[in-house]
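A.B. asks: Sharing a structure, written as C-alpha cells. Questions coming.
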Amino acid sequence: MKLTNRSKVVSDKKMTFGESIYIPAILKGMKITISHAAKTVFGKGLATISYPEEVRPRVKIWRGEHVLKLDNEGRERCTACGLCAVACPAEAITMTAAERTKEEKDLYREEKYAAVYEINMLRCIFCGMCEEACPKSAIYLTDKLVNVEENRGSFIYGKDKLVEKINARIDVSERQSELQKKMMK
C-alpha cells in the first residue's frame with residue numbers, strides 16, 4: 001500500500017573517476033567563493049557596514065521589540081485572555097490574571113487584567129502570532145531593536161518594559177490591520 005507519491009527510487013549508479021576524486025565539485029565551490037571575494041574587494045557588493053553610524057533599511061512591517069498598548073484614556077488594553085500565550089509557538093509569554101478593583105478603574109479598561117505579563121525575549125522568535133491572536137489589539141511588535149543585555153534574567157520583559165508610556169506613545173499604524181484601525185477610531 002502506497003501512502004504518498006513522494007517516494008524516490010534509489011539508484012546504485014557507480015561514480016565516474018572524475019566524480020570519485022571530487023575535483024569538479026571542489027572547483028565549482030572555489031569559483032563561487034572567489035567570485036564573492038572579488039565582488040567584496042572591488043566594491044560592488046560590500047557586505048559590511050559601519051553599524052552605529054549607518055543602519056540598513058528595514059521593511060515597514062519588520063518585527064522588533066514588543067509593546068503593550070494603552071487606549072486613548074491611558075488604560076491598559078490587555079484583558080489577560082491568554083490568547084497570545086496560547087498562540088506563541090515558542091511559549092515565550094506568561095501571564096497571571098487578576099480582577100480590577102474600583103480604585104483601579106482608571107488603570108484598566110476591563111474587569112479582568114494581566115497582573116503579571118512577561119515575555120522571555122530569549123525564547124521569542126518574533127513571529128507576530130501574539131499580535132494576530134490578540135482580540136483587544138493590546139500587543140504589537142515595534143520596529144525597535146531589542147536592547148543588548150549582560151545577563152539572562154534581564155531578557156525577561158515584564159510590564160515595566162512592555163507597557164508604553166503615556167507621554168511617549170509608540171506608533172504602530174504600519175502594523176495594524178484595517179479592522180484594528182477601525183477599532184481605534
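In the C-alpha cells, each chain is lettered A, B, ... as it comes, each chain's residues begin at 1, and ligands are numbered from 1 in order of appearance.
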Hey, what's within 12 Å of A:Asp171 if we count only C-alpha atoms and toss same-chain stuff fewer than 2 positions away? As a list in words, please?
C.D. replies: Val67, Leu68, Lys69, Leu70, Tyr140, Leu141, Thr142, Asp143, Lys144, Glu164, Ala168, Arg169, Ser173, Glu174, Arg175, Gln176 and Lys181 of chain A
A.B. asks: Give me the residues within 10 Å of A:Tyr108 as a short mmCIF file (atom, residue, chain, number, x, y, z; two decimals) with C-alpha atoms, in the first residue's frame, counting only C-alpha atoms and dropping any in the same chain fewer than 4 places off.
C.D. replies:
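Output (around-v1.cif):
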data_model
loop_
_atom_site.label_atom_id
_atom_site.label_comp_id
_atom_site.auth_asym_id
_atom_site.auth_seq_id
_atom_site.Cartn_x
_atom_site.Cartn_y
_atom_site.Cartn_z
CA LEU A 70 -2.69 51.80 26.13
CA ASP A 71 -6.06 53.11 25.00
CA GLU A 73 -7.51 57.36 28.07
CA GLY A 74 -4.23 55.83 29.23
CA ARG A 75 -5.65 52.49 30.40
CA GLU A 76 -4.16 49.10 29.57
CA ARG A 77 -5.95 47.26 26.79
CA CYS A 78 -4.85 43.75 27.81
CA THR A 79 -7.62 41.67 29.40
CA GLU A 99 -9.76 41.24 38.91
CA ARG A 100 -9.91 45.02 38.76
CA THR A 101 -10.95 46.88 41.91
CA GLU A 104 -8.05 50.68 39.59
CA LYS A 112 -10.03 41.45 34.21
CA TYR A 113 -6.43 42.49 33.60
CA ALA A 114 -2.96 40.99 33.48
#
A.B. asks: Write out as a list in words which residues come within 12 Å of A:Ala80 when counting only C-alpha atoms, dropping same-chain ones fewer than 6 positions away.
C.D. replies: Leu68, Val86, Ile93, Thr94, Met95, Thr96, Ala97, Ala98, Glu99, Arg100, Tyr108, Arg109, Glu110, Glu111, Lys112, Tyr113, Ala114, Ala115, Val116, Tyr117, Glu118, Cys134, Pro135, Lys136, Ala138 and Ile139 of chain A
A.B. asks: Mind pulling up the distance from atom CA of A:Leu145 to atom CA of A:Ile170?
C.D. replies: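 Straight-line distance from atom CA of A:Ile170 to atom CA of A:Leu145 works out to 13.8 Å.
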A.B. asks: From stretch 43-126 of chain A, collect each residue whose DSSP state is helix (DSSP H, G or I) and return the set as a VMD selection string.
C.D. replies: chain A and resid 83 to 87 102 to 104
A.B. asks: List every residue of stretch 30-116 of chain A that DSSP, applied to the backbone of this structure, places in strand (DSSP E or B), and write the result as a PyMOL selection string.
C.D. replies: chain A and resi 66-68+70+76+93-99+108+112-116
A.B. asks: Just the residues within 12 Å of A:Gly128, please, counting only C-alpha atoms, with nothing from its chain fewer than 2 positions along; format it as a list in words.
C.D. replies: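 Near neighbours after the sequence-gap exclusion: Ile61, Trp62, Arg63, Gly64, Glu65, His66, Val67, Cys84, Ala85, Ala87, Cys88, Pro89, Ala90, Cys124, Ile125, Phe126, Cys130, Glu131, Glu132, Ala133, Cys134, Ile139, Tyr140, Leu141, Thr142, Arg175 and Gln176 of chain A.
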A.B. asks: I'd like the contact shell of A:Asn147 - 12 Å cut-off, only C-alpha atoms, skipping same-chain residues fewer than 6 positions apart - returned as number ranges by chain.
C.D. replies: A: 64-66, 121-122, 154-157, 161
A.B. asks: Just the selected residues (all heavy atoms), exported as a PDB file, in the first residue's frame, please.
C.D. replies:
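Full text of again.pdb as output:
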ATOM      1  N   GLY A  64      10.164  43.801  15.732  1.00  0.00           N
ATOM      2  CA  GLY A  64      11.191  44.025  16.742  1.00  0.00           C
ATOM      3  C   GLY A  64      10.613  43.901  18.139  1.00  0.00           C
ATOM      4  O   GLY A  64       9.821  43.000  18.430  1.00  0.00           O
ATOM      5  N   GLU A  65      10.990  44.811  19.004  1.00  0.00           N
ATOM      6  CA  GLU A  65      10.607  44.774  20.409  1.00  0.00           C
ATOM      7  C   GLU A  65       9.086  44.878  20.584  1.00  0.00           C
ATOM      8  O   GLU A  65       8.416  45.589  19.855  1.00  0.00           O
ATOM      9  CB  GLU A  65      11.294  45.943  21.122  1.00  0.00           C
ATOM     10  CG  GLU A  65      11.282  45.843  22.604  1.00  0.00           C
ATOM     11  CD  GLU A  65      12.121  46.950  23.229  1.00  0.00           C
ATOM     12  OE1 GLU A  65      11.784  48.117  23.026  1.00  0.00           O
ATOM     13  OE2 GLU A  65      13.092  46.625  23.898  1.00  0.00           O
ATOM     14  N   HIS A  66       8.566  44.192  21.585  1.00  0.00           N
ATOM     15  CA  HIS A  66       7.132  44.175  21.865  1.00  0.00           C
ATOM     16  C   HIS A  66       6.714  45.418  22.642  1.00  0.00           C
ATOM     17  O   HIS A  66       7.512  46.013  23.367  1.00  0.00           O
ATOM     18  CB  HIS A  66       6.769  42.955  22.714  1.00  0.00           C
ATOM     19  CG  HIS A  66       7.061  41.657  22.049  1.00  0.00           C
ATOM     20  ND1 HIS A  66       8.332  41.184  21.849  1.00  0.00           N
ATOM     21  CD2 HIS A  66       6.236  40.717  21.533  1.00  0.00           C
ATOM     22  CE1 HIS A  66       8.286  40.025  21.251  1.00  0.00           C
ATOM     23  NE2 HIS A  66       7.019  39.713  21.045  1.00  0.00           N
ATOM     24  N   MET A 121      12.402  37.119  26.108  1.00  0.00           N
ATOM     25  CA  MET A 121      12.919  37.541  24.811  1.00  0.00           C
ATOM     26  C   MET A 121      13.971  36.582  24.252  1.00  0.00           C
ATOM     27  O   MET A 121      14.260  36.623  23.064  1.00  0.00           O
ATOM     28  CB  MET A 121      13.494  38.954  24.904  1.00  0.00           C
ATOM     29  CG  MET A 121      12.486  39.996  25.307  1.00  0.00           C
ATOM     30  SD  MET A 121      11.029  40.006  24.276  1.00  0.00           S
ATOM     31  CE  MET A 121      11.616  40.963  22.919  1.00  0.00           C
ATOM     32  N   LEU A 122      14.536  35.732  25.095  1.00  0.00           N
ATOM     33  CA  LEU A 122      15.474  34.732  24.594  1.00  0.00           C
ATOM     34  C   LEU A 122      14.747  33.602  23.867  1.00  0.00           C
ATOM     35  O   LEU A 122      15.312  32.947  23.007  1.00  0.00           O
ATOM     36  CB  LEU A 122      16.309  34.159  25.739  1.00  0.00           C
ATOM     37  CG  LEU A 122      17.242  35.164  26.415  1.00  0.00           C
ATOM     38  CD1 LEU A 122      17.897  34.532  27.622  1.00  0.00           C
ATOM     39  CD2 LEU A 122      18.282  35.672  25.443  1.00  0.00           C
ATOM     40  N   SER A 154      17.702  39.636  32.594  1.00  0.00           N
ATOM     41  CA  SER A 154      17.186  40.908  32.108  1.00  0.00           C
ATOM     42  C   SER A 154      16.508  40.784  30.746  1.00  0.00           C
ATOM     43  O   SER A 154      15.964  41.762  30.240  1.00  0.00           O
ATOM     44  CB  SER A 154      18.302  41.944  32.060  1.00  0.00           C
ATOM     45  OG  SER A 154      19.388  41.468  31.329  1.00  0.00           O
ATOM     46  N   PHE A 155      16.514  39.607  30.145  1.00  0.00           N
ATOM     47  CA  PHE A 155      15.796  39.386  28.898  1.00  0.00           C
ATOM     48  C   PHE A 155      14.358  38.949  29.134  1.00  0.00           C
ATOM     49  O   PHE A 155      13.638  38.707  28.178  1.00  0.00           O
ATOM     50  CB  PHE A 155      16.516  38.350  28.031  1.00  0.00           C
ATOM     51  CG  PHE A 155      17.650  38.919  27.248  1.00  0.00           C
ATOM     52  CD1 PHE A 155      18.953  38.684  27.620  1.00  0.00           C
ATOM     53  CD2 PHE A 155      17.418  39.715  26.143  1.00  0.00           C
ATOM     54  CE1 PHE A 155      19.999  39.209  26.905  1.00  0.00           C
ATOM     55  CE2 PHE A 155      18.458  40.250  25.420  1.00  0.00           C
ATOM     56  CZ  PHE A 155      19.751  39.998  25.803  1.00  0.00           C
ATOM     57  N   ILE A 156      13.939  38.835  30.373  1.00  0.00           N
ATOM     58  CA  ILE A 156      12.538  38.562  30.665  1.00  0.00           C
ATOM     59  C   ILE A 156      11.875  39.910  30.888  1.00  0.00           C
ATOM     60  O   ILE A 156      12.071  40.555  31.906  1.00  0.00           O
ATOM     61  CB  ILE A 156      12.385  37.630  31.886  1.00  0.00           C
ATOM     62  CG1 ILE A 156      13.035  36.287  31.568  1.00  0.00           C
ATOM     63  CG2 ILE A 156      10.913  37.471  32.240  1.00  0.00           C
ATOM     64  CD1 ILE A 156      13.052  35.316  32.694  1.00  0.00           C
ATOM     65  N   TYR A 157      11.113  40.332  29.889  1.00  0.00           N
ATOM     66  CA  TYR A 157      10.485  41.648  29.916  1.00  0.00           C
ATOM     67  C   TYR A 157       9.143  41.554  30.633  1.00  0.00           C
ATOM     68  O   TYR A 157       8.261  40.811  30.230  1.00  0.00           O
ATOM     69  CB  TYR A 157      10.267  42.162  28.505  1.00  0.00           C
ATOM     70  CG  TYR A 157      11.509  42.655  27.814  1.00  0.00           C
ATOM     71  CD1 TYR A 157      12.779  42.375  28.288  1.00  0.00           C
ATOM     72  CD2 TYR A 157      11.415  43.419  26.671  1.00  0.00           C
ATOM     73  CE1 TYR A 157      13.909  42.835  27.651  1.00  0.00           C
ATOM     74  CE2 TYR A 157      12.542  43.884  26.020  1.00  0.00           C
ATOM     75  CZ  TYR A 157      13.784  43.588  26.521  1.00  0.00           C
ATOM     76  OH  TYR A 157      14.897  44.051  25.883  1.00  0.00           O
ATOM     77  N   LYS A 161       8.752  47.045  31.277  1.00  0.00           N
ATOM     78  CA  LYS A 161       9.419  47.305  29.998  1.00  0.00           C
ATOM     79  C   LYS A 161       8.458  47.262  28.819  1.00  0.00           C
ATOM     80  O   LYS A 161       8.738  47.838  27.776  1.00  0.00           O
ATOM     81  CB  LYS A 161      10.533  46.287  29.755  1.00  0.00           C
ATOM     82  CG  LYS A 161      11.728  46.454  30.648  1.00  0.00           C
ATOM     83  CD  LYS A 161      12.815  45.490  30.232  1.00  0.00           C
ATOM     84  CE  LYS A 161      14.030  45.632  31.110  1.00  0.00           C
ATOM     85  NZ  LYS A 161      15.079  44.675  30.737  1.00  0.00           N
TER      86      LYS A 161
END
A.B. asks: To one decimal place, how far is atom CA of A:Lys31 from atom CA of A:Thr16 in Å?
C.D. replies: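 Rounded to one decimal, the two atoms are 22.0 Å apart.
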A.B. asks: Go through A:Lys13, A:Val148, A:Asp106, A:Lys60 and flag the residue nearest A:Val172, using only C-alpha atoms for the distances.
C.D. replies: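 Comparing A:Lys13, A:Val148, A:Asp106, A:Lys60 against A:Val172, the winner is A:Lys60.
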